[in-house]
Amino acid sequence: MPAESHLQPSILAALPPDEARIVTALSDQFGAAGKELYLVGGVVRDILLGTPNRGELDFTTNALPEETERLGINAGAGSVYLVGARFGTVGMVFEGSAPDLPINVEITTYRAEHYPDESRKPSVEFGASLIDDLSRRDFAINAVAADALSGLVIDPYHGQADLLMSRVRAVGDADLRFKEDPLRLLRAARFVAQLGFTIESETAEAMLRQAESLSRISRERIYGEFTRLLTGPYASHGLEALYSTGLFRLVLPEIRDLPEQEPRPGDPHEKDLWEHTKRVVDSVPSRPTVRWAALLHDSAKPRTRSISP
């Protein structure tokens with residue numbers, strides 16, 4: 001049996017009404033079919049943090065994708081589509097109380113995945129249990145599930161404790177988690193930027209060791225993750241996490257010298273470009289274009305600036 005937590009007997013009461021209605025409809029259908037269904041990942045994390053995210057629900061199940069598709073239709077989904085058959089994810093759209101506010105749902109069959117050799121494409125295998133599924137997730141704060149019927153929290157990797165301590169900690173062997181999907185290196189820093197958390201020491205050390213593996217990830221995926229970091233409320237903390245773990249020079253080699261550029265001692269006209277840049281990023285609106293402009297606005301100075309009499 002999964003490790004259960006009684007810190008929160010049921011978290012379903014914290015869901016907004018539309019989401020609660022959809023969870024009930026889905027749990028009824030999956031339960032009647034003899035299938036398991038759990039809320040998982042960010043939706044559970046955010047509810048436990050007291051900041052439920054409207055409009056999106058993520059589940060995991062032992063039902064295969066074709067079964068999930070049928071049960072979703074029976075639960076009242078307006079549209080059902082495969083996000084990726086080989087990933088076992090079925091997407092659904094439910095009507096919300098307002099016509100322009102649909103509820104997006106993704107239900108994924110229990111799975112395990114890894115990147116074989118130096119491939120950029122993950123190999124996915126369906127798992128046998130909820131614990132199998134949670135064990136392959138990135139960080140303990142995202143490896144917390146809630147039974148869609150009872151709301152009982154399942155927390156085998158003590159993610160709730162990490163939420164209380166405001167830390168990002170890899171599930172199990174940190175080196176293995178990053179080898180499975182190197183994009184998780186950036187995700188760790190992104191959660192720092194979004195939540196204001198710190199990275200647990202062993203996880204940070206593994207990030208240093210595994211930094212070079214980020215080269216296996218496409219630039220498009222790196223750009224997307226980095227943009228999410230930049231638009232977080234604690235963006236400067238996320239940037240510092242990238243720098244301290246050796247990832248900054250890999251993600252943005254064009255401005256890798258920026259954190260290394262120190263002001264000349266005793267010169268009141270010079271400033272620490274890295275500290276200045278982080279302050280500017282934090283102070284401007286959290287729109288992607290504006291945050292990118294703030295990050296890059298002094299990027300040429302380390303290579304071009306000079307001081308004349």
# chains A, B, ... in the order shown; residues from 1 in each chain; ligands from 1
call {"tool": "residues_around", "arguments": {"residues": "Gly96 (chain A)", "least_positions_apart": "3", "cutoff": "12 Å", "atoms": "only C-alpha atoms", "output": "PDB file with N, CA and C atoms, in the first residue's frame"}}
result
ATOM      1  N   PRO A  16     -11.486  24.707  -6.427  1.00  0.00           N
ATOM      2  CA  PRO A  16     -12.583  25.562  -6.880  1.00  0.00           C
ATOM      3  C   PRO A  16     -13.757  24.701  -7.345  1.00  0.00           C
ATOM      4  N   PRO A  17     -14.981  25.242  -7.332  1.00  0.00           N
ATOM      5  CA  PRO A  17     -16.165  24.429  -7.635  1.00  0.00           C
ATOM      6  C   PRO A  17     -16.114  23.689  -8.967  1.00  0.00           C
ATOM      7  N   ASP A  18     -15.690  24.352 -10.041  1.00  0.00           N
ATOM      8  CA  ASP A  18     -15.650  23.676 -11.344  1.00  0.00           C
ATOM      9  C   ASP A  18     -14.719  22.481 -11.321  1.00  0.00           C
ATOM     10  N   GLU A  19     -13.525  22.675 -10.744  1.00  0.00           N
ATOM     11  CA  GLU A  19     -12.562  21.587 -10.679  1.00  0.00           C
ATOM     12  C   GLU A  19     -13.074  20.450  -9.792  1.00  0.00           C
ATOM     13  N   ALA A  20     -13.711  20.795  -8.686  1.00  0.00           N
ATOM     14  CA  ALA A  20     -14.247  19.764  -7.784  1.00  0.00           C
ATOM     15  C   ALA A  20     -15.311  18.933  -8.497  1.00  0.00           C
ATOM     16  N   ARG A  21     -16.150  19.590  -9.293  1.00  0.00           N
ATOM     17  CA  ARG A  21     -17.190  18.873 -10.036  1.00  0.00           C
ATOM     18  C   ARG A  21     -16.576  17.883 -11.024  1.00  0.00           C
ATOM     19  N   ILE A  22     -15.518  18.303 -11.697  1.00  0.00           N
ATOM     20  CA  ILE A  22     -14.877  17.444 -12.694  1.00  0.00           C
ATOM     21  C   ILE A  22     -14.158  16.278 -12.019  1.00  0.00           C
ATOM     22  N   ARG A  54      -6.328  27.480 -10.851  1.00  0.00           N
ATOM     23  CA  ARG A  54      -7.591  27.297 -11.566  1.00  0.00           C
ATOM     24  C   ARG A  54      -7.345  26.898 -13.011  1.00  0.00           C
ATOM     25  N   GLY A  55      -8.221  26.032 -13.521  1.00  0.00           N
ATOM     26  CA  GLY A  55      -8.255  25.776 -14.948  1.00  0.00           C
ATOM     27  C   GLY A  55      -7.470  24.589 -15.435  1.00  0.00           C
ATOM     28  N   GLU A  56      -6.687  23.920 -14.576  1.00  0.00           N
ATOM     29  CA  GLU A  56      -5.898  22.778 -15.011  1.00  0.00           C
ATOM     30  C   GLU A  56      -5.899  21.695 -13.940  1.00  0.00           C
ATOM     31  N   GLY A  76     -18.131  13.407 -19.192  1.00  0.00           N
ATOM     32  CA  GLY A  76     -18.658  14.673 -19.681  1.00  0.00           C
ATOM     33  C   GLY A  76     -17.658  15.581 -20.357  1.00  0.00           C
ATOM     34  N   ALA A  77     -16.483  15.063 -20.715  1.00  0.00           N
ATOM     35  CA  ALA A  77     -15.502  15.896 -21.409  1.00  0.00           C
ATOM     36  C   ALA A  77     -16.057  16.343 -22.749  1.00  0.00           C
ATOM     37  N   GLY A  78     -15.899  17.626 -23.063  1.00  0.00           N
ATOM     38  CA  GLY A  78     -16.376  18.138 -24.336  1.00  0.00           C
ATOM     39  C   GLY A  78     -15.521  17.680 -25.496  1.00  0.00           C
ATOM     40  N   VAL A  93     -10.958  18.449 -22.367  1.00  0.00           N
ATOM     41  CA  VAL A  93     -11.430  19.799 -22.087  1.00  0.00           C
ATOM     42  C   VAL A  93     -12.860  19.695 -21.569  1.00  0.00           C
ATOM     43  N   PRO A  99     -18.304  30.299 -20.118  1.00  0.00           N
ATOM     44  CA  PRO A  99     -18.002  29.706 -21.427  1.00  0.00           C
ATOM     45  C   PRO A  99     -16.556  29.907 -21.872  1.00  0.00           C
ATOM     46  N   ASP A 100     -15.959  31.022 -21.471  1.00  0.00           N
ATOM     47  CA  ASP A 100     -14.597  31.325 -21.905  1.00  0.00           C
ATOM     48  C   ASP A 100     -13.541  30.818 -20.930  1.00  0.00           C
ATOM     49  N   LEU A 101     -13.937  30.008 -19.943  1.00  0.00           N
ATOM     50  CA  LEU A 101     -12.990  29.470 -18.962  1.00  0.00           C
ATOM     51  C   LEU A 101     -13.098  27.952 -18.894  1.00  0.00           C
ATOM     52  N   PRO A 102     -12.661  27.256 -19.946  1.00  0.00           N
ATOM     53  CA  PRO A 102     -12.704  25.792 -19.918  1.00  0.00           C
ATOM     54  C   PRO A 102     -11.699  25.238 -18.926  1.00  0.00           C
ATOM     55  N   ILE A 103     -11.929  24.007 -18.504  1.00  0.00           N
ATOM     56  CA  ILE A 103     -11.020  23.324 -17.588  1.00  0.00           C
ATOM     57  C   ILE A 103     -10.239  22.283 -18.380  1.00  0.00           C
ATOM     58  N   ASN A 104      -8.919  22.422 -18.401  1.00  0.00           N
ATOM     59  CA  ASN A 104      -8.058  21.482 -19.116  1.00  0.00           C
ATOM     60  C   ASN A 104      -7.600  20.370 -18.182  1.00  0.00           C
ATOM     61  N   VAL A 105      -7.717  19.150 -18.657  1.00  0.00           N
ATOM     62  CA  VAL A 105      -7.385  17.974 -17.853  1.00  0.00           C
ATOM     63  C   VAL A 105      -6.405  17.111 -18.637  1.00  0.00           C
TER      64      VAL A 105
END
call {"tool": "residues_around", "arguments": {"residues": "region 36-43 of chain A", "least_positions_apart": "6", "cutoff": "8 Å", "atoms": "only C-alpha atoms", "output": "list in words"}}
result
Ser27, Phe30, Pro52, Asn53, Glu56, Leu57, Asp58, Phe59, Thr60, Thr61, Asn62, Ala63, Ile141, Asn142, Ala143, Val144, Ala145, Ala146, Asp147, Ala148 and Leu149 of chain A
call {"tool": "closest_residue", "arguments": {"among": "A:Phe191, A:Phe197, A:Trp274, A:Phe87", "to": "Leu229 (chain A)", "atoms": "only C-alpha atoms"}}
result
A:Phe191
call {"tool": "closest_residue", "arguments": {"among": "A:Gly91, A:Pro253, A:Gly238, A:Gly31", "to": "Ile199 (chain A)", "atoms": "only C-alpha atoms"}}
result
A:Gly238
call {"tool": "closest_residue", "arguments": {"among": "A:Glu180, A:Arg303, A:Glu66, A:Phe139", "to": "His158 (chain A)", "atoms": "only C-alpha atoms"}}
result
A:Phe139
call {"tool": "closest_residue", "arguments": {"among": "A:Ser236, A:Leu82, A:Leu258, A:Leu186", "to": "Gly224 (chain A)", "atoms": "only C-alpha atoms"}}
result
A:Leu186
call {"tool": "select_by_dssp", "arguments": {"residues": "region 143-200 of chain A", "states": "strand (DSSP E)", "output": "list in words"}}
result
Ala145, Ala146, Asp147, Val153, Ile154, Arg167, Val168, Thr198 and Ile199 of chain A
call {"tool": "atom_distance", "arguments": {"atom1": "CA of Ala33 (chain A)", "atom2": "CA of Ser79 (chain A)"}}
result
20.4 Å
call {"tool": "residues_around", "arguments": {"residues": "Asp138 (chain A)", "least_positions_apart": "3", "cutoff": "10 Å", "atoms": "only C-alpha atoms", "output": "ChimeraX atom specification"}}
result
/A:41,134-135,141-143,168-172,174,176-178,180-181,183-185,187-188
call {"tool": "closest_residue", "arguments": {"among": "A:Val44, A:Gly88, A:Arg305, A:Pro285", "to": "Asp155 (chain A)", "atoms": "only C-alpha atoms"}}
result
A:Val44
call {"tool": "select_by_dssp", "arguments": {"residues": "region 82-217 of chain A", "states": "helix (DSSP H, G or I)", "output": "number ranges by chain"}}
result
A: 85-87, 130-135, 140-142, 159-165, 174-180, 183-195, 201-216
call {"tool": "atom_distance", "arguments": {"atom1": "CA of Arg137 (chain A)", "atom2": "CA of Pro156 (chain A)"}}
result
11.9 Å
call {"tool": "residues_around", "arguments": {"residues": "Lys278 (chain A)", "least_positions_apart": "4", "cutoff": "10 Å", "atoms": "only C-alpha atoms", "output": "PyMOL selection string"}}
result
chain A and resi 234-240+273-274+282-283+294-295
call {"tool": "write_last_selection", "arguments": {"atoms": "N, CA and C atoms", "output": "compact mmCIF listing (two decimals), in the first residue's frame"}}
result
# COMPACT_ATOMS: atom_id res chain seq x y z
N TYR A 234 10.41 35.23 -8.11
CA TYR A 234 11.74 35.22 -7.47
C TYR A 234 12.80 34.92 -8.52
N ALA A 235 12.69 35.59 -9.67
CA ALA A 235 13.55 35.28 -10.81
C ALA A 235 15.03 35.39 -10.46
N SER A 236 15.42 36.40 -9.69
CA SER A 236 16.84 36.57 -9.37
C SER A 236 17.38 35.38 -8.59
N HIS A 237 16.55 34.78 -7.73
CA HIS A 237 16.98 33.60 -6.99
C HIS A 237 17.18 32.42 -7.95
N GLY A 238 16.31 32.31 -8.94
CA GLY A 238 16.47 31.26 -9.93
C GLY A 238 17.73 31.44 -10.75
N LEU A 239 18.03 32.68 -11.13
CA LEU A 239 19.26 32.96 -11.87
C LEU A 239 20.49 32.61 -11.04
N GLU A 240 20.44 32.93 -9.77
CA GLU A 240 21.58 32.61 -8.90
C GLU A 240 21.74 31.11 -8.76
N LEU A 273 27.84 44.10 -12.36
CA LEU A 273 26.86 43.89 -13.43
C LEU A 273 25.88 42.76 -13.12
N TRP A 274 26.35 41.71 -12.48
CA TRP A 274 25.48 40.56 -12.19
C TRP A 274 24.42 40.95 -11.17
N ASP A 282 14.19 41.56 -11.51
CA ASP A 282 13.14 41.49 -10.49
C ASP A 282 12.21 42.70 -10.51
N SER A 283 12.72 43.84 -10.96
CA SER A 283 11.95 45.08 -10.82
C SER A 283 11.03 45.37 -11.99
N ALA A 294 15.50 42.75 -19.83
CA ALA A 294 16.19 43.12 -18.60
C ALA A 294 17.43 42.26 -18.39
N LEU A 295 17.31 40.96 -18.66
CA LEU A 295 18.46 40.07 -18.49
C LEU A 295 19.60 40.42 -19.43
